[in-house]
>>> print(open('final25.cif').read())   # mmCIF, C-alpha atoms and all ligand atoms
data_entry
loop_
_atom_site.label_atom_id
_atom_site.label_comp_id
_atom_site.auth_asym_id
_atom_site.auth_seq_id
_atom_site.Cartn_x
_atom_site.Cartn_y
_atom_site.Cartn_z
CA MET G 1 -18.02 0.01 -11.73
CA HIS G 2 -14.74 -1.90 -11.64
CA ASP G 3 -13.86 -3.58 -14.93
CA LEU G 4 -12.28 -6.94 -14.14
CA LYS G 5 -11.31 -7.89 -17.70
CA ASP G 6 -7.60 -7.76 -18.46
CA THR G 7 -7.27 -7.25 -22.21
CA TYR G 8 -4.23 -7.18 -24.53
CA ARG G 9 -4.56 -3.41 -24.56
CA HIS G 10 -4.29 -3.32 -20.76
CA LYS G 11 -1.32 -5.68 -20.83
CA GLY G 12 0.41 -3.50 -23.42
CA LEU G 13 -0.18 -0.34 -21.39
CA ARG G 14 1.12 -2.12 -18.30
CA LYS G 15 4.32 -3.10 -20.08
CA GLN G 16 4.81 0.56 -21.01
CA LEU G 17 4.24 1.57 -17.39
CA VAL G 18 6.89 -0.91 -16.23
CA ASP G 19 9.35 0.34 -18.88
CA GLY G 20 8.65 3.89 -17.71
CA LEU G 21 9.39 2.93 -14.09
CA LYS G 22 12.69 1.37 -15.21
CA SER G 23 13.66 4.55 -16.99
CA LYS G 24 12.87 6.47 -13.79
CA GLY G 25 15.44 4.37 -11.93
CA ILE G 26 13.49 1.43 -10.49
CA ASP G 27 15.85 -1.52 -10.85
CA ASP G 28 14.38 -4.15 -8.51
CA GLU G 29 13.38 -6.86 -11.01
CA ALA G 30 11.01 -8.63 -8.60
CA VAL G 31 9.14 -5.38 -7.92
CA LEU G 32 8.93 -4.57 -11.65
CA GLN G 33 7.58 -8.06 -12.35
CA ALA G 34 4.97 -7.78 -9.61
CA ILE G 35 3.81 -4.40 -10.96
CA GLY G 36 3.70 -6.02 -14.41
CA LYS G 37 1.27 -8.62 -13.10
CA VAL G 38 -1.28 -6.54 -11.19
CA PRO G 39 -4.13 -5.22 -13.39
CA ARG G 40 -4.09 -1.65 -12.04
CA HIS G 41 -7.12 -0.60 -14.11
CA CYS G 42 -9.27 -2.96 -12.00
CA PHE G 43 -8.59 -0.79 -8.94
CA LEU G 44 -10.00 2.38 -10.51
CA ASN G 45 -13.56 3.10 -11.56
CA SER G 46 -13.87 1.73 -15.12
CA ALA G 47 -14.66 5.25 -16.38
CA PHE G 48 -11.00 6.12 -15.66
CA ASP G 49 -9.51 3.06 -17.29
CA GLU G 50 -7.26 5.28 -19.46
CA TRP G 51 -5.62 6.72 -16.34
CA ALA G 52 -4.67 3.42 -14.76
CA TYR G 53 -1.36 3.04 -16.57
CA ARG G 54 -0.15 6.62 -16.38
CA ASP G 55 2.39 7.27 -13.69
CA VAL G 56 0.10 9.43 -11.55
CA ALA G 57 -1.82 9.19 -8.27
CA PHE G 58 -5.58 9.10 -8.81
CA PRO G 59 -8.73 9.71 -6.72
CA ILE G 60 -10.62 6.66 -5.47
CA GLU G 61 -13.74 6.48 -3.29
CA SER G 62 -14.09 8.20 0.11
CA GLY G 63 -11.87 11.11 -0.99
CA GLN G 64 -8.73 8.92 -0.90
CA THR G 65 -6.11 8.23 -3.57
CA ILE G 66 -4.42 5.25 -5.16
CA SER G 67 -0.70 6.00 -4.87
CA GLN G 68 1.34 6.90 -7.96
CA PRO G 69 2.95 3.77 -9.49
CA LEU G 70 6.43 5.25 -8.97
CA THR G 71 5.68 5.72 -5.26
CA VAL G 72 4.39 2.14 -5.02
CA ALA G 73 7.57 0.95 -6.75
CA ILE G 74 9.85 2.97 -4.45
CA GLN G 75 8.07 1.96 -1.22
CA THR G 76 7.96 -1.68 -2.28
CA SER G 77 11.65 -1.69 -3.27
CA LEU G 78 12.62 -0.13 0.07
CA LEU G 79 10.70 -2.85 1.89
CA ASN G 80 12.82 -5.57 0.28
CA VAL G 81 10.10 -8.23 0.47
CA LYS G 82 11.16 -11.87 0.51
CA LYS G 83 8.84 -14.79 -0.34
CA GLY G 84 6.90 -15.81 2.76
CA ASP G 85 7.45 -12.48 4.60
CA LYS G 86 4.60 -11.40 6.84
CA VAL G 87 3.77 -7.86 5.79
CA LEU G 88 1.46 -5.41 7.54
CA GLU G 89 0.15 -2.58 5.36
CA ILE G 90 -1.52 0.48 6.89
CA GLY G 91 -3.98 2.17 4.51
CA THR G 92 -5.59 -0.46 2.25
CA GLY G 93 -7.19 2.19 0.03
CA SER G 94 -7.85 0.67 -3.39
CA GLY G 95 -6.01 -2.57 -2.52
CA TYR G 96 -3.46 -2.05 -5.30
CA GLN G 97 -0.34 -1.86 -3.12
CA ALA G 98 -1.46 -4.94 -1.15
CA SER G 99 -1.83 -6.84 -4.44
CA VAL G 100 1.70 -5.91 -5.50
CA LEU G 101 2.98 -7.22 -2.14
CA VAL G 102 1.13 -10.51 -2.53
CA GLU G 103 2.54 -10.93 -6.06
CA LEU G 104 5.98 -10.76 -4.40
CA GLY G 105 5.06 -13.79 -2.31
CA ALA G 106 4.24 -11.94 0.93
CA LYS G 107 1.51 -12.86 3.39
CA VAL G 108 -0.35 -9.58 3.59
CA PHE G 109 -2.38 -8.11 6.43
CA THR G 110 -3.82 -4.72 5.54
CA LEU G 111 -5.67 -2.19 7.70
CA GLU G 112 -8.13 0.50 6.61
CA ARG G 113 -9.96 3.02 8.84
CA ASP G 114 -12.73 3.87 6.37
CA GLU G 115 -15.54 1.31 6.56
CA HIS G 116 -16.87 2.00 3.07
CA LEU G 117 -13.44 1.54 1.46
CA TYR G 118 -12.75 -1.49 3.63
CA LYS G 119 -15.94 -3.16 2.38
CA THR G 120 -15.65 -2.31 -1.32
CA THR G 121 -11.94 -3.14 -1.48
CA SER G 122 -12.31 -6.45 0.39
CA GLU G 123 -14.97 -7.46 -2.11
CA LEU G 124 -12.85 -6.39 -5.08
CA LEU G 125 -9.77 -8.28 -3.87
CA ASN G 126 -11.90 -11.41 -3.54
CA LYS G 127 -13.28 -11.03 -7.05
CA LEU G 128 -9.76 -10.59 -8.40
CA GLY G 129 -8.71 -13.78 -6.65
CA TYR G 130 -6.29 -12.04 -4.25
CA THR G 131 -7.47 -14.26 -1.42
CA GLY G 132 -4.02 -14.19 0.25
CA ILE G 133 -4.66 -10.62 1.42
CA ARG G 134 -6.36 -10.32 4.81
CA THR G 135 -8.24 -7.04 5.19
CA TYR G 136 -9.24 -5.44 8.51
CA LEU G 137 -11.30 -2.41 9.51
CA ARG G 138 -8.86 -0.95 12.06
CA ASP G 139 -7.11 2.23 13.17
CA GLY G 140 -3.61 1.66 11.83
CA PHE G 141 -2.03 3.58 14.75
CA ASP G 142 -2.55 0.41 16.81
CA GLY G 143 -1.25 -2.01 14.18
CA LEU G 144 -2.57 -5.56 14.41
CA PRO G 145 -1.07 -7.08 17.58
CA ARG G 146 -2.98 -10.35 17.15
CA HIS G 147 -0.78 -11.42 14.21
CA ALA G 148 2.45 -9.62 15.22
CA PRO G 149 5.39 -9.66 14.77
CA TYR G 150 5.72 -8.69 11.10
CA ASP G 151 8.84 -8.95 8.93
CA LYS G 152 7.84 -5.73 7.18
CA ILE G 153 5.42 -2.88 7.85
CA LEU G 154 4.39 -0.46 5.10
CA VAL G 155 2.50 2.74 5.90
CA THR G 156 0.78 4.36 2.89
CA ALA G 157 -0.62 7.47 4.61
CA ALA G 158 1.33 10.46 5.98
CA ALA G 159 2.13 9.92 9.66
CA PRO G 160 2.76 12.96 11.89
CA GLU G 161 5.27 10.86 13.81
CA ILE G 162 6.43 7.24 13.93
CA PRO G 163 3.86 5.24 15.96
CA ASP G 164 5.58 3.30 18.79
CA LYS G 165 2.97 0.57 18.63
CA LEU G 166 4.02 -0.23 15.07
CA LEU G 167 7.72 -0.36 15.98
CA GLU G 168 6.91 -2.92 18.69
CA GLN G 169 5.23 -5.15 16.10
CA LEU G 170 8.37 -5.57 13.95
CA THR G 171 10.53 -8.69 14.06
CA ILE G 172 14.20 -8.19 14.95
CA GLY G 173 15.82 -7.63 11.56
CA GLY G 174 12.48 -6.43 10.17
CA CYS G 175 11.83 -2.96 8.78
CA MET G 176 9.08 -0.39 8.39
CA VAL G 177 8.72 2.08 5.52
CA ILE G 178 6.67 5.14 6.47
CA PRO G 179 6.18 8.69 5.14
CA VAL G 180 6.67 10.99 8.16
CA GLY G 181 5.85 14.68 8.41
CA LYS G 182 3.35 17.10 9.87
CA GLY G 183 2.71 19.33 6.83
CA ASP G 184 1.85 18.64 3.17
CA ILE G 185 5.20 17.03 2.45
CA GLN G 186 6.67 14.00 4.18
CA ASN G 187 10.03 12.26 4.31
CA MET G 188 10.14 8.60 3.35
CA ILE G 189 11.72 6.88 6.33
CA ARG G 190 12.90 3.30 6.63
CA ILE G 191 13.37 2.04 10.17
CA THR G 192 15.09 -1.28 10.75
CA ARG G 193 14.76 -3.05 14.08
CA VAL G 194 18.33 -4.17 14.67
CA ASP G 195 17.78 -5.36 18.23
CA GLU G 196 15.07 -5.60 20.92
CA ASP G 197 15.21 -1.84 21.49
CA LYS G 198 17.61 -0.59 18.86
CA TYR G 199 16.31 0.89 15.60
CA ASP G 200 18.24 2.30 12.60
CA LYS G 201 16.67 5.09 10.61
CA GLU G 202 17.29 6.06 6.95
CA ASP G 203 15.74 8.94 5.00
CA PHE G 204 14.81 8.57 1.30
CA GLY G 205 13.55 12.06 0.51
CA LYS G 206 10.32 13.93 -0.01
CA PHE G 207 6.89 12.52 -0.87
CA ARG G 208 3.26 13.57 -0.59
CA PHE G 209 0.59 11.30 0.91
CA VAL G 210 -2.99 11.65 2.17
CA PRO G 211 -3.07 12.07 5.97
CA PHE G 212 -2.96 9.30 8.54
CA VAL G 213 -6.14 9.96 10.57
CA LYS G 214 -6.94 8.57 14.02
CA GLY G 215 -10.06 6.47 14.63
CA ILE G 216 -12.45 4.46 12.47
CA LYS G 217 -14.78 6.17 9.97
CA LYS G 218 -18.11 4.34 9.89
CA GLU G 219 -20.23 4.35 6.71
CA LYS G 220 -22.86 6.55 8.35
CA ASP G 221 -20.32 9.18 9.56
CA SER G 222 -19.67 12.24 7.45
CA ASN G 223 -15.92 12.56 8.07
N1 LIG K 301 -2.23 1.76 -0.30
C1 LIG K 301 -3.35 2.38 -0.99
C2 LIG K 301 -3.28 3.90 -1.01
C3 LIG K 301 -3.63 4.41 0.26
S1 LIG K 301 -4.23 6.04 0.45
C4 LIG K 301 -3.51 1.87 -2.40
O1 LIG K 301 -2.71 1.06 -2.84
O2 LIG K 301 -4.49 2.26 -3.03
C5 LIG K 301 -4.17 6.01 2.23
C6 LIG K 301 -5.24 5.17 2.89
O3 LIG K 301 -4.95 5.19 4.29
C7 LIG K 301 -6.64 5.76 2.75
O4 LIG K 301 -7.50 4.78 2.24
C8 LIG K 301 -7.03 6.15 4.18
O5 LIG K 301 -8.41 5.97 4.47
C9 LIG K 301 -6.16 5.20 4.99
N2 LIG K 301 -5.89 5.63 6.37
C10 LIG K 301 -5.64 6.87 6.84
N3 LIG K 301 -5.46 6.84 8.19
C11 LIG K 301 -5.58 5.54 8.57
C12 LIG K 301 -5.50 4.86 9.83
N4 LIG K 301 -5.30 5.50 10.98
N5 LIG K 301 -5.67 3.52 9.84
C13 LIG K 301 -5.89 2.82 8.69
N6 LIG K 301 -5.98 3.40 7.47
C14 LIG K 301 -5.83 4.75 7.41
#
>>> encode(input="final25.cif", output="C-alpha cells", more="lines below")
Ligand code: SAH
Amino acid sequence: MHDLKDTYRHKGLRKQLVDGLKSKGIDDEAVLQAIGKVPRHCFLNSAFDEWAYRDVAFPIESGQTISQPLTVAIQTSLLNVKKGDKVLEIGTGSGYQASVLVELGAKVFTLERDEHLYKTTSELLNKLGYTGIRTYLRDGFDGLPRHAPYDKILVTAAAPEIPDKLLEQLTIGGCMVIPVGKGDIQNMIRITRVDEDKYDKEDFGKFRFVPFVKGIKKEKDSN
C-alpha cells in the first residue's frame, strides 16, 4: 500500500518540488531542506506515487487530505521551529507535516481524532524510522495538557475559532499557527504568547483546510 523505497527518481522529483517552492517565495532554507529530506511519496498510497511531488493537496484515507506542499512550507516557516523545540501538531493525518517538523529538530507530539488514521499513520511513521514523533488518539480541541507547555503549536485543520485550551498550553514567547474560519475559507493566524495573558495576533491570508471536528471517531463509527 505504502511504498517505502526512496529511489533516485523520487529524489529527483523531490528536488524539483523544492525548487518549485523556492520560486513560489519560500525562502526559509531550513524548511526547504527538511522538505527535501522527507519522502512524501511514502505518505500516499503507492498507486498515486506520481502525485506525491506535485504541489497539490491529495486525498488520504478516512476522507482526509495531505496538505499541499506549499501550505506545509508556509505553515512550517511561520512556526519558526528551532532545534529542540517542543511542538504540538493537531491533525496528524498522513504524518507528513509531523515528519517535516522532526527533520527540523523538533520534538513532536501529534494528535489525531480518527482512530483508523491514527493507527495506520503511527505504524507508517515507525516503519519510516520517525520514532521521534509521538502520536496520540485525541480530540485536538483539548490539546495535550500532560506534556504542556509547548514552544509551538500547529493546527492543520480549519478551526471555527481559536481554542482557549490550546492558548493555555503555549510557553511564554511561544506561538501557534492555526487556520481560523467558519466557512470554506480560513485565515492563517499566528498567535504569539507575549506574556502570561497577553497574546499578539497576525494574519497571513486565505487558505482552505478540512474541518476541525469535535470528538474522537472510532474505527467502528461511520462518521
Ligand atoms: N497534517 C496532516 C494533514 C491533516 S488533514 C498531514 O500532514 O497529512 C487534517 C487532519 O485533522 C485530519 O486527519 C483530521 O482527521 C484531523 N482532525 C480534525 N479534527 C480534529 C480534532 N478535533 N482533533 C484531532 N485531529 C483532528
>>> residues_near_ligand(input="final25.cif", ligand="ligand LIG 301 (chain K)", cutoff="9 Å", atoms="all atoms listed in the file", output="number ranges by chain")
G: 43, 60-68, 72, 89-100, 110-115, 117-118, 136-143, 154-159, 209-217
>>> closest_atom_pairs(input="final25.cif", of="stretch 121-174 of chain G", to="stretch 2-10 of chain G", cutoff="12 Å", atoms="all atoms listed in the file", output="CSV")
residue,atom,partner,partner_atom,distance
G:Thr121,CA,G:His2,CA,10.6
G:Glu123,CA,G:His2,CA,11.0
G:Leu124,CA,G:His2,CA,8.2
G:Leu125,CA,G:Leu4,CA,10.7
G:Asn126,CA,G:Leu4,CA,11.5
G:Lys127,CA,G:Leu4,CA,8.2
G:Leu128,CA,G:Leu4,CA,7.3
G:Gly129,CA,G:Leu4,CA,10.8
>>> closest_residue(input="final25.cif", among="G:Lys24, G:Ala106, G:Gln186, G:Leu88", to="G:Leu167", atoms="only C-alpha atoms")
G:Leu88
>>> axis_aligned_box(input="final25.cif", around="stretch 209-216 of chain G", padding_each_side="8 Å", output="JSON")
{"center_x": -5.9, "center_y": 8.3, "center_z": 7.8, "size_x": 29.0, "size_y": 23.6, "size_z": 29.7}
>>> closest_residue(input="final25.cif", among="G:Asp203, G:Asp27, G:Glu50, G:Asp151", to="G:Pro179", atoms="all atoms listed in the file")
G:Asp203
>>> atom_distance(input="final25.cif", atom1="atom CA of G:Asn80", atom2="atom CA of G:Leu144")
20.9 Å
>>> closest_residue(input="final25.cif", among="G:Thr120, G:Thr71, G:Gln33, G:Gln16", to="G:Met1", atoms="all atoms listed in the file")
G:Thr120
